[in-house]
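Printed here is query_15.csv (CSV, C-alpha atoms and all ligand atoms):
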chain,number,residue,atom,x,y,z
M,1,MET,CA,200.2,-21.4,-14.3
M,2,GLN,CA,201.5,-24.9,-13.9
M,3,ARG,CA,199.5,-27.6,-12.2
M,4,LYS,CA,200.9,-28.3,-8.7
M,5,VAL,CA,203.1,-31.3,-8.3
M,6,THR,CA,201.8,-33.3,-5.3
M,7,LYS,CA,202.8,-36.9,-6.2
M,8,ALA,CA,206.2,-38.4,-6.2
M,9,ILE,CA,207.3,-41.9,-7.2
M,10,PHE,CA,210.2,-43.6,-5.3
M,11,PRO,CA,211.5,-46.5,-7.2
M,12,VAL,CA,212.8,-48.8,-4.4
M,13,ALA,CA,212.5,-52.2,-6.1
M,14,GLY,CA,216.3,-52.6,-6.7
M,15,LEU,CA,218.1,-55.6,-5.2
M,16,GLY,CA,221.0,-53.5,-3.9
M,17,THR,CA,223.6,-56.1,-5.0
M,18,ARG,CA,226.4,-53.6,-4.6
M,19,PHE,CA,225.8,-53.7,-0.9
M,20,LEU,CA,225.7,-57.4,-0.4
M,21,PRO,CA,225.9,-59.1,2.1
M,22,ALA,CA,224.2,-56.2,4.0
M,23,THR,CA,221.3,-56.1,1.5
M,24,LYS,CA,220.7,-59.9,1.9
M,25,SER,CA,218.2,-59.2,4.6
M,26,ILE,CA,217.6,-55.4,4.6
M,27,PRO,CA,216.5,-53.2,1.8
M,28,LYS,CA,219.3,-50.9,0.7
M,29,GLU,CA,217.0,-47.9,1.3
M,30,ILE,CA,217.0,-48.7,5.0
M,31,MET,CA,220.8,-48.4,5.2
M,32,THR,CA,221.6,-45.4,7.4
M,33,LEU,CA,223.6,-42.3,7.0
M,34,VAL,CA,224.5,-41.4,10.6
M,35,ASP,CA,221.1,-42.4,12.1
M,36,ARG,CA,218.6,-41.9,9.3
M,37,PRO,CA,217.9,-44.4,6.6
M,38,LEU,CA,218.4,-43.3,3.0
M,39,ILE,CA,214.6,-43.3,2.3
M,40,GLN,CA,214.1,-40.8,5.1
M,41,TYR,CA,216.3,-38.3,3.4
M,42,ALA,CA,214.3,-38.7,0.2
M,43,ILE,CA,211.0,-38.4,1.9
M,44,ASP,CA,212.0,-35.3,3.8
M,45,GLU,CA,213.2,-33.7,0.6
M,46,ALA,CA,209.9,-34.5,-1.1
M,47,ARG,CA,207.8,-33.2,1.8
M,48,ALA,CA,209.8,-29.9,1.8
M,49,ALA,CA,208.9,-29.6,-1.9
M,50,GLY,CA,205.2,-29.9,-1.1
M,51,ILE,CA,204.7,-33.5,-2.1
M,52,LYS,CA,201.5,-35.0,-0.5
M,53,GLU,CA,201.3,-38.5,-2.0
M,54,PHE,CA,204.2,-40.9,-1.9
M,55,ILE,CA,204.2,-43.8,-4.2
M,56,PHE,CA,206.8,-46.6,-3.6
M,57,VAL,CA,207.5,-49.0,-6.3
M,58,THR,CA,208.7,-52.0,-4.3
M,59,SER,CA,209.6,-55.7,-4.8
M,60,ARG,CA,209.9,-58.8,-2.7
M,61,GLY,CA,211.8,-58.4,0.5
M,62,LYS,CA,211.0,-54.8,1.1
M,63,GLY,CA,208.8,-55.3,4.1
M,64,ALA,CA,211.2,-53.4,6.4
M,65,LEU,CA,210.6,-50.3,4.2
M,66,GLU,CA,206.8,-50.5,4.7
M,67,ASP,CA,207.2,-51.0,8.4
M,68,TYR,CA,209.5,-48.0,8.7
M,69,PHE,CA,206.7,-45.6,7.9
M,70,ASP,CA,204.1,-47.2,10.2
M,71,HIS,CA,203.3,-46.1,13.7
M,72,ALA,CA,205.3,-48.2,16.2
M,73,HIS,CA,202.7,-48.1,19.0
M,74,GLU,CA,204.5,-50.1,21.6
M,75,LEU,CA,207.7,-48.2,21.2
M,76,GLU,CA,205.9,-44.9,21.2
M,77,ASN,CA,204.0,-45.7,24.4
M,78,THR,CA,207.2,-46.7,26.1
M,79,LEU,CA,208.9,-43.5,25.1
M,80,ARG,CA,205.8,-41.5,26.2
M,81,LYS,CA,205.7,-43.1,29.6
M,82,SER,CA,209.3,-42.4,30.2
M,83,GLY,CA,209.0,-38.8,29.1
M,84,LYS,CA,211.4,-39.1,26.1
M,85,ASP,CA,209.7,-36.4,24.1
M,86,ASP,CA,212.8,-35.7,22.0
M,87,LEU,CA,212.8,-39.3,20.7
M,88,LEU,CA,209.0,-39.2,20.1
M,89,GLU,CA,209.5,-36.1,18.0
M,90,LEU,CA,212.2,-37.9,16.0
M,91,LEU,CA,209.8,-40.8,15.3
M,92,ARG,CA,207.0,-38.4,14.2
M,93,HIS,CA,209.0,-37.7,11.0
M,94,THR,CA,208.8,-41.3,10.1
M,95,ASN,CA,205.0,-41.4,10.3
M,96,MET,CA,202.9,-40.8,7.3
M,97,GLU,CA,199.3,-39.5,7.2
M,98,SER,CA,197.0,-42.4,6.6
M,99,GLY,CA,196.5,-42.8,2.8
M,100,ALA,CA,199.5,-40.6,1.9
M,101,ILE,CA,201.7,-43.6,1.0
M,102,ALA,CA,201.0,-46.2,-1.6
M,103,TYR,CA,203.0,-49.3,-2.4
M,104,ILE,CA,203.0,-50.8,-5.9
M,105,ARG,CA,204.9,-54.0,-6.8
M,106,GLN,CA,207.3,-54.2,-9.7
M,107,HIS,CA,207.1,-57.9,-10.4
M,108,LYS,CA,210.1,-58.1,-12.6
M,109,ALA,CA,213.3,-56.0,-12.7
M,110,MET,CA,212.9,-54.4,-16.1
M,111,GLY,CA,214.6,-51.1,-15.6
M,112,LEU,CA,213.9,-47.6,-14.1
M,113,GLY,CA,211.4,-46.7,-16.8
M,114,HIS,CA,209.4,-49.8,-16.1
M,115,ALA,CA,209.4,-49.2,-12.4
M,116,VAL,CA,208.0,-45.7,-12.9
M,117,TRP,CA,205.4,-47.0,-15.4
M,118,CYS,CA,204.2,-49.4,-12.7
M,119,ALA,CA,202.8,-46.4,-10.9
M,120,ARG,CA,200.9,-45.0,-13.9
M,121,ARG,CA,197.4,-45.6,-12.6
M,122,LEU,CA,198.1,-43.6,-9.4
M,123,ILE,CA,199.6,-40.7,-11.4
M,124,GLY,CA,196.8,-40.2,-14.0
M,125,ASP,CA,196.8,-36.9,-15.8
M,126,GLU,CA,199.1,-34.9,-13.5
M,127,PRO,CA,202.7,-33.8,-13.5
M,128,PHE,CA,204.7,-35.9,-11.0
M,129,ALA,CA,208.1,-36.1,-9.4
M,130,VAL,CA,210.5,-39.1,-9.3
M,131,VAL,CA,213.1,-39.4,-6.6
M,132,LEU,CA,216.0,-41.9,-6.7
M,133,THR,CA,217.0,-42.6,-3.1
M,134,ASP,CA,220.6,-43.6,-4.2
M,135,ASP,CA,221.2,-39.9,-5.0
M,136,VAL,CA,221.4,-38.1,-1.7
M,137,ILE,CA,221.6,-34.4,-2.2
M,138,ALA,CA,222.5,-31.8,0.5
M,139,GLY,CA,221.0,-28.6,-0.7
M,140,ASP,CA,219.3,-25.5,0.8
M,141,PRO,CA,216.6,-25.2,-0.4
M,142,PRO,CA,216.4,-29.0,-1.0
M,143,CYS,CA,217.0,-30.0,-4.6
M,144,LEU,CA,213.4,-31.1,-5.4
M,145,GLN,CA,212.1,-27.7,-4.1
M,146,GLN,CA,214.6,-25.9,-6.4
M,147,MET,CA,213.2,-27.9,-9.3
M,148,ILE,CA,209.6,-27.3,-8.4
M,149,GLU,CA,210.3,-23.6,-8.3
M,150,ALA,CA,212.1,-23.7,-11.7
M,151,HIS,CA,209.4,-25.9,-13.2
M,152,HIS,CA,206.8,-23.2,-12.3
M,153,GLU,CA,208.6,-21.0,-14.7
M,154,THR,CA,209.4,-23.4,-17.5
M,155,GLY,CA,206.6,-26.0,-17.5
M,156,GLY,CA,207.3,-29.2,-19.4
M,157,SER,CA,209.6,-31.8,-17.9
M,158,MET,CA,212.7,-31.2,-15.9
M,159,VAL,CA,215.6,-33.3,-14.7
M,160,ALA,CA,218.3,-32.5,-12.1
M,161,THR,CA,221.7,-32.2,-13.7
M,162,MET,CA,225.3,-31.7,-12.9
M,163,GLU,CA,228.6,-31.7,-14.8
M,164,VAL,CA,230.6,-34.9,-14.4
M,165,PRO,CA,234.0,-35.7,-15.9
M,166,MET,CA,233.6,-36.8,-19.6
M,167,GLU,CA,234.9,-40.3,-18.8
M,168,LYS,CA,232.1,-40.8,-16.2
M,169,THR,CA,229.3,-39.9,-18.6
M,170,ARG,CA,228.8,-43.6,-19.5
M,171,SER,CA,227.3,-44.2,-16.0
M,172,TYR,CA,224.6,-41.6,-16.4
M,173,GLY,CA,221.8,-40.2,-18.5
M,174,VAL,CA,223.4,-37.4,-20.5
M,175,LEU,CA,221.8,-34.2,-21.9
M,176,ASP,CA,222.2,-32.9,-25.4
M,177,ILE,CA,222.0,-29.2,-24.8
M,178,ALA,CA,219.9,-27.0,-27.2
M,179,GLU,CA,220.1,-23.8,-25.1
M,180,ASP,CA,222.2,-23.0,-22.0
M,181,MET,CA,220.6,-20.4,-19.9
M,182,GLY,CA,222.9,-20.8,-16.9
M,183,ALA,CA,221.1,-22.6,-14.1
M,184,ILE,CA,218.5,-23.9,-16.6
M,185,VAL,CA,219.3,-25.7,-19.8
M,186,ARG,CA,216.8,-26.7,-22.5
M,187,ALA,CA,217.5,-30.2,-23.9
M,188,ARG,CA,217.7,-31.2,-27.5
M,189,GLY,CA,218.0,-34.8,-26.6
M,190,MET,CA,219.0,-37.2,-23.9
M,191,VAL,CA,221.0,-40.4,-24.0
M,192,GLU,CA,221.1,-43.2,-21.4
M,193,LYS,CA,224.7,-44.3,-20.5
M,194,PRO,CA,226.3,-43.4,-23.8
M,195,LYS,CA,229.2,-45.9,-24.6
M,196,GLU,CA,230.8,-43.3,-26.9
M,197,ASN,CA,230.4,-39.7,-28.1
M,198,PRO,CA,228.4,-38.3,-25.2
M,199,PRO,CA,226.5,-35.3,-26.3
M,200,SER,CA,227.9,-33.3,-23.3
M,201,ASN,CA,229.1,-33.9,-19.8
M,202,LEU,CA,225.9,-32.7,-18.2
M,203,ALA,CA,224.6,-35.8,-16.4
M,204,VAL,CA,221.1,-36.6,-15.2
M,205,ILE,CA,220.9,-36.9,-11.4
M,206,GLY,CA,218.0,-38.7,-9.7
M,207,ARG,CA,215.4,-36.0,-9.4
M,208,TYR,CA,212.7,-35.6,-12.0
M,209,ILE,CA,209.6,-33.5,-12.6
M,210,LEU,CA,207.7,-35.1,-15.4
M,211,ALA,CA,204.7,-34.3,-17.6
M,212,PRO,CA,202.1,-37.1,-17.5
M,213,THR,CA,202.8,-37.7,-21.2
M,214,VAL,CA,206.1,-39.4,-20.1
M,215,MET,CA,203.9,-42.2,-18.8
M,216,GLU,CA,202.3,-42.5,-22.2
M,217,ASN,CA,205.8,-42.8,-23.8
M,218,LEU,CA,206.6,-45.5,-21.3
M,219,ASN,CA,203.5,-47.4,-22.5
M,220,LYS,CA,205.6,-48.5,-25.5
M,221,LEU,CA,207.9,-50.4,-23.1
M,222,LYS,CA,210.7,-49.9,-25.5
M,223,GLN,CA,214.0,-51.6,-24.5
M,224,GLY,CA,217.0,-49.3,-24.2
M,225,ALA,CA,220.5,-49.3,-22.8
M,226,GLY,CA,221.4,-52.6,-21.1
M,227,GLY,CA,218.2,-54.2,-22.4
M,228,GLU,CA,216.2,-52.2,-19.8
M,229,ILE,CA,213.2,-49.9,-20.2
M,230,GLN,CA,214.8,-46.6,-19.5
M,231,LEU,CA,213.2,-43.5,-18.1
M,232,THR,CA,215.7,-41.4,-20.0
M,233,ASP,CA,214.3,-42.7,-23.3
M,234,ALA,CA,210.8,-41.8,-22.4
M,235,ILE,CA,211.9,-38.3,-21.5
M,236,ALA,CA,213.8,-38.0,-24.8
M,237,ASP,CA,210.6,-39.0,-26.6
M,238,GLU,CA,209.0,-35.9,-25.1
M,239,ILE,CA,211.5,-33.8,-27.0
M,240,GLU,CA,210.9,-35.8,-30.2
M,241,GLU,CA,207.3,-35.0,-29.9
M,242,GLY,CA,207.9,-31.3,-29.5
M,243,ARG,CA,207.4,-31.0,-25.8
M,244,PRO,CA,209.9,-29.1,-23.7
M,245,VAL,CA,212.5,-30.8,-21.4
M,246,PHE,CA,214.8,-28.9,-19.2
M,247,GLY,CA,217.8,-29.6,-16.9
M,248,LEU,CA,218.4,-27.7,-13.7
M,249,ARG,CA,221.9,-27.3,-12.4
M,250,PHE,CA,220.8,-27.5,-8.8
M,251,ARG,CA,222.7,-25.9,-6.0
M,252,GLY,CA,224.0,-28.5,-3.5
M,253,GLN,CA,226.2,-31.5,-3.0
M,254,ARG,CA,225.2,-34.8,-4.5
M,255,TYR,CA,226.4,-38.1,-3.0
M,256,ASP,CA,226.1,-41.3,-5.0
M,257,CYS,CA,224.9,-43.6,-2.3
M,258,GLY,CA,224.5,-46.4,-4.8
M,259,SER,CA,228.3,-46.9,-4.6
M,260,LYS,CA,230.3,-47.7,-1.5
M,261,ALA,CA,232.7,-44.8,-1.9
M,262,GLY,CA,229.8,-42.4,-2.3
M,263,PHE,CA,228.1,-43.8,0.7
M,264,LEU,CA,231.2,-43.4,2.9
M,265,GLN,CA,231.6,-39.8,1.6
M,266,ALA,CA,228.0,-39.0,2.5
M,267,THR,CA,228.5,-40.6,6.0
M,268,VAL,CA,231.5,-38.3,6.6
M,269,ALA,CA,229.8,-35.2,5.3
M,270,PHE,CA,226.5,-35.8,7.2
M,271,GLY,CA,228.5,-36.7,10.4
M,272,LEU,CA,230.4,-33.4,10.1
M,273,ALA,CA,227.2,-31.5,9.6
M,274,ARG,CA,225.8,-32.7,12.9
M,275,ASP,CA,226.1,-30.3,15.8
M,276,ASP,CA,226.1,-33.2,18.3
M,277,LEU,CA,228.9,-35.1,16.5
M,278,LYS,CA,231.0,-32.8,14.5
M,279,ASP,CA,233.7,-31.8,17.0
M,280,GLU,CA,234.5,-35.3,18.1
M,281,PHE,CA,234.2,-36.7,14.6
M,282,ALA,CA,236.4,-34.0,13.0
M,283,GLU,CA,239.1,-34.6,15.6
M,284,TYR,CA,239.0,-38.3,14.9
M,285,LEU,CA,239.2,-37.8,11.1
M,286,HIS,CA,242.1,-35.3,11.6
M,287,ASP,CA,244.0,-37.9,13.7
M,288,VAL,CA,243.4,-40.7,11.3
M,289,ILE,CA,244.7,-38.6,8.4
M,290,ALA,CA,247.7,-37.5,10.4
M,291,MET,CA,248.5,-41.2,11.3
M,292,ARG,CA,248.2,-42.2,7.6
M,293,LYS,CA,250.6,-39.4,6.6
M,294,ALA,CA,253.1,-40.4,9.3
M,295,ALA,CA,253.0,-44.0,8.1
M,296,GLU,CA,253.7,-43.1,4.5
G,301,LIG,C1,219.8,-43.8,-13.2
G,301,LIG,C2,219.3,-43.3,-14.5
G,301,LIG,C3,220.4,-42.4,-15.1
G,301,LIG,C4,220.8,-41.3,-14.1
G,301,LIG,C5,221.2,-42.0,-12.8
G,301,LIG,C6,221.5,-40.9,-11.7
G,301,LIG,O1,220.8,-44.8,-13.5
G,301,LIG,O2,219.0,-44.3,-15.4
G,301,LIG,O3,219.9,-41.7,-16.2
G,301,LIG,O4,221.9,-40.5,-14.6
G,301,LIG,O5,220.2,-42.8,-12.3
G,301,LIG,O6,222.0,-41.4,-10.5
G,301,LIG,P1,221.4,-45.8,-12.4
G,301,LIG,O7,222.5,-45.1,-11.6
G,301,LIG,O8,220.3,-46.3,-11.6
G,301,LIG,O9,222.0,-46.9,-13.2
Taking this structure as input, can you express it in the form of structure tokens?
Amino acid sequence: MQRKVTKAIFPVAGLGTRFLPATKSIPKEIMTLVDRPLIQYAIDEARAAGIKEFIFVTSRGKGALEDYFDHAHELENTLRKSGKDDLLELLRHTNMESGAIAYIRQHKAMGLGHAVWCARRLIGDEPFAVVLTDDVIAGDPPCLQQMIEAHHETGGSMVATMEVPMEKTRSYGVLDIAEDMGAIVRARGMVEKPKENPPSNLAVIGRYILAPTVMENLNKLKQGAGGEIQLTDAIADEIEEGRPVFGLRFRGQRYDCGSKAGFLQATVAFGLARDDLKDEFAEYLHDVIAMRKAAE
């Protein structure tokens, strides 16, 4: 029986330069898809997977992120007095139980592996999850829950994976496959952003369930691709040391909200998935496309 995964790390220290100037004064994790910030999607997914402790690795200028999960007493009182129970209910999802959320500062941008390592004292000797908020995944059940279920069977460490076109592998961590069992693959190795000869086209997507030994591997603070301390390398070390690492081909649609095109695609998809918006929005999109075609 595997130990329950109750802690998740959310590395949110990035500068979000790809979304400047918006990210000059707001953390990119506060940018909204329809009406919910990216971080809310990540937190909801983690909650659905049974996560109880949420560890944010932040940096300067991320105050808005901390405020977001606080009670907004004045706002809540106003809504209560005017009987706006539906809005109060919406806000309830943004509140965290006292002590459930911890903020750790990453003082220097030294890579994803370093950000995760910053949370080592809060993780201790337990398996833990890592959720990258840039990767928004629409899945039922949510991706992290699928992974926790699969991890119960496999143990070891697990990354979310999906096939990408070969020429895109240089933007991802890439799995070297030892055994392909369908939904689950066992990895023989893992390479961060291979410039040439990718071992496969199975890419790592930003959901991880990791054995505590990955933190020990990160202790080496070894520089990898791009001169950064890479989480992928610390996971690959697990394999080197004879511990199992798996990939899960999750069921669901992933949006790369770290890129503008991906963010727009997610906005369209989530807009179309909303009962209160879909009819009007679909009609609008239909008209826009028809006008574009007519103009061509
Ligand atoms: C990070 C990881 C990479 C992974 C990717 C998924 O890269 O380092 O292994 O494939 O997330 O989105 P980033 O996109 O932050 O450069």
One-decimal distance in Å that lies between CA of Leu175 (chain M) and CA of Ala160 (chain M):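 Between these atoms lies a distance of 10.5 Å.
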Atom pair CA of Cys257 (chain M) / CA of Asp134 (chain M): separation (Å): 4.7 Å
Option closest in space to ligand LIG 301 (chain G), from M:Tyr255, M:Phe270, M:Phe246, M:Phe56 [counting all atoms listed in the file]: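 Residue with the minimum atom-to-atom distance to ligand LIG 301 (chain G): M:Tyr255.
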Shell around region 36-44 of chain M at 9 Å using only C-alpha atoms, local window under 3 positions removed, as a ChimeraX atom specification: /M:10,12,28-33,47-49,51,54,65,93-94,131-137,257
Selection as a PyMOL selection string: residues within 7 Å of ligand LIG 301 (chain G) by all atoms listed in the file: chain M and resi 112+134-135+171-174+192-193+203-206+230-232+256
Filtering to C-alpha atoms, could you give me those residues as a PDB file, in the coordinates of the input?
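Written out: out.pdb:
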ATOM      1  CA  LEU M 112     213.900 -47.600 -14.100  1.00  0.00           C
ATOM      2  CA  ASP M 134     220.600 -43.600  -4.200  1.00  0.00           C
ATOM      3  CA  ASP M 135     221.200 -39.900  -5.000  1.00  0.00           C
ATOM      4  CA  SER M 171     227.300 -44.200 -16.000  1.00  0.00           C
ATOM      5  CA  TYR M 172     224.600 -41.600 -16.400  1.00  0.00           C
ATOM      6  CA  GLY M 173     221.800 -40.200 -18.500  1.00  0.00           C
ATOM      7  CA  VAL M 174     223.400 -37.400 -20.500  1.00  0.00           C
ATOM      8  CA  GLU M 192     221.100 -43.200 -21.400  1.00  0.00           C
ATOM      9  CA  LYS M 193     224.700 -44.300 -20.500  1.00  0.00           C
ATOM     10  CA  ALA M 203     224.600 -35.800 -16.400  1.00  0.00           C
ATOM     11  CA  VAL M 204     221.100 -36.600 -15.200  1.00  0.00           C
ATOM     12  CA  ILE M 205     220.900 -36.900 -11.400  1.00  0.00           C
ATOM     13  CA  GLY M 206     218.000 -38.700  -9.700  1.00  0.00           C
ATOM     14  CA  GLN M 230     214.800 -46.600 -19.500  1.00  0.00           C
ATOM     15  CA  LEU M 231     213.200 -43.500 -18.100  1.00  0.00           C
ATOM     16  CA  THR M 232     215.700 -41.400 -20.000  1.00  0.00           C
ATOM     17  CA  ASP M 256     226.100 -41.300  -5.000  1.00  0.00           C
TER      18      ASP M 256
END
For CA of Phe281 (chain M) and CA of Val268 (chain M), the interatomic separation in Å (one decimal):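 Pair CA of Phe281 (chain M) / CA of Val268 (chain M) returns 8.6 Å.
Of the residues under consideration (M:Ser25, M:Gln253, M:Asn197, M:Thr78), M:Ser25 shows the shortest atom-to-atom contact distance to Gly63 (chain M) when counting all atoms listed in the file.
Proximity ranking of M:Val116, M:Met110, M:Leu91, M:Leu79 relative to Val57 (chain M) places M:Val116 first, based on only C-alpha atoms.
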Of the listed residues M:Glu76, M:Tyr284, M:Leu248, M:Thr6, that which approaches Glu153 (chain M) most closely, counting only C-alpha atoms: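 Counting only C-alpha atoms, the residue closest to Glu153 (chain M) is M:Leu248.
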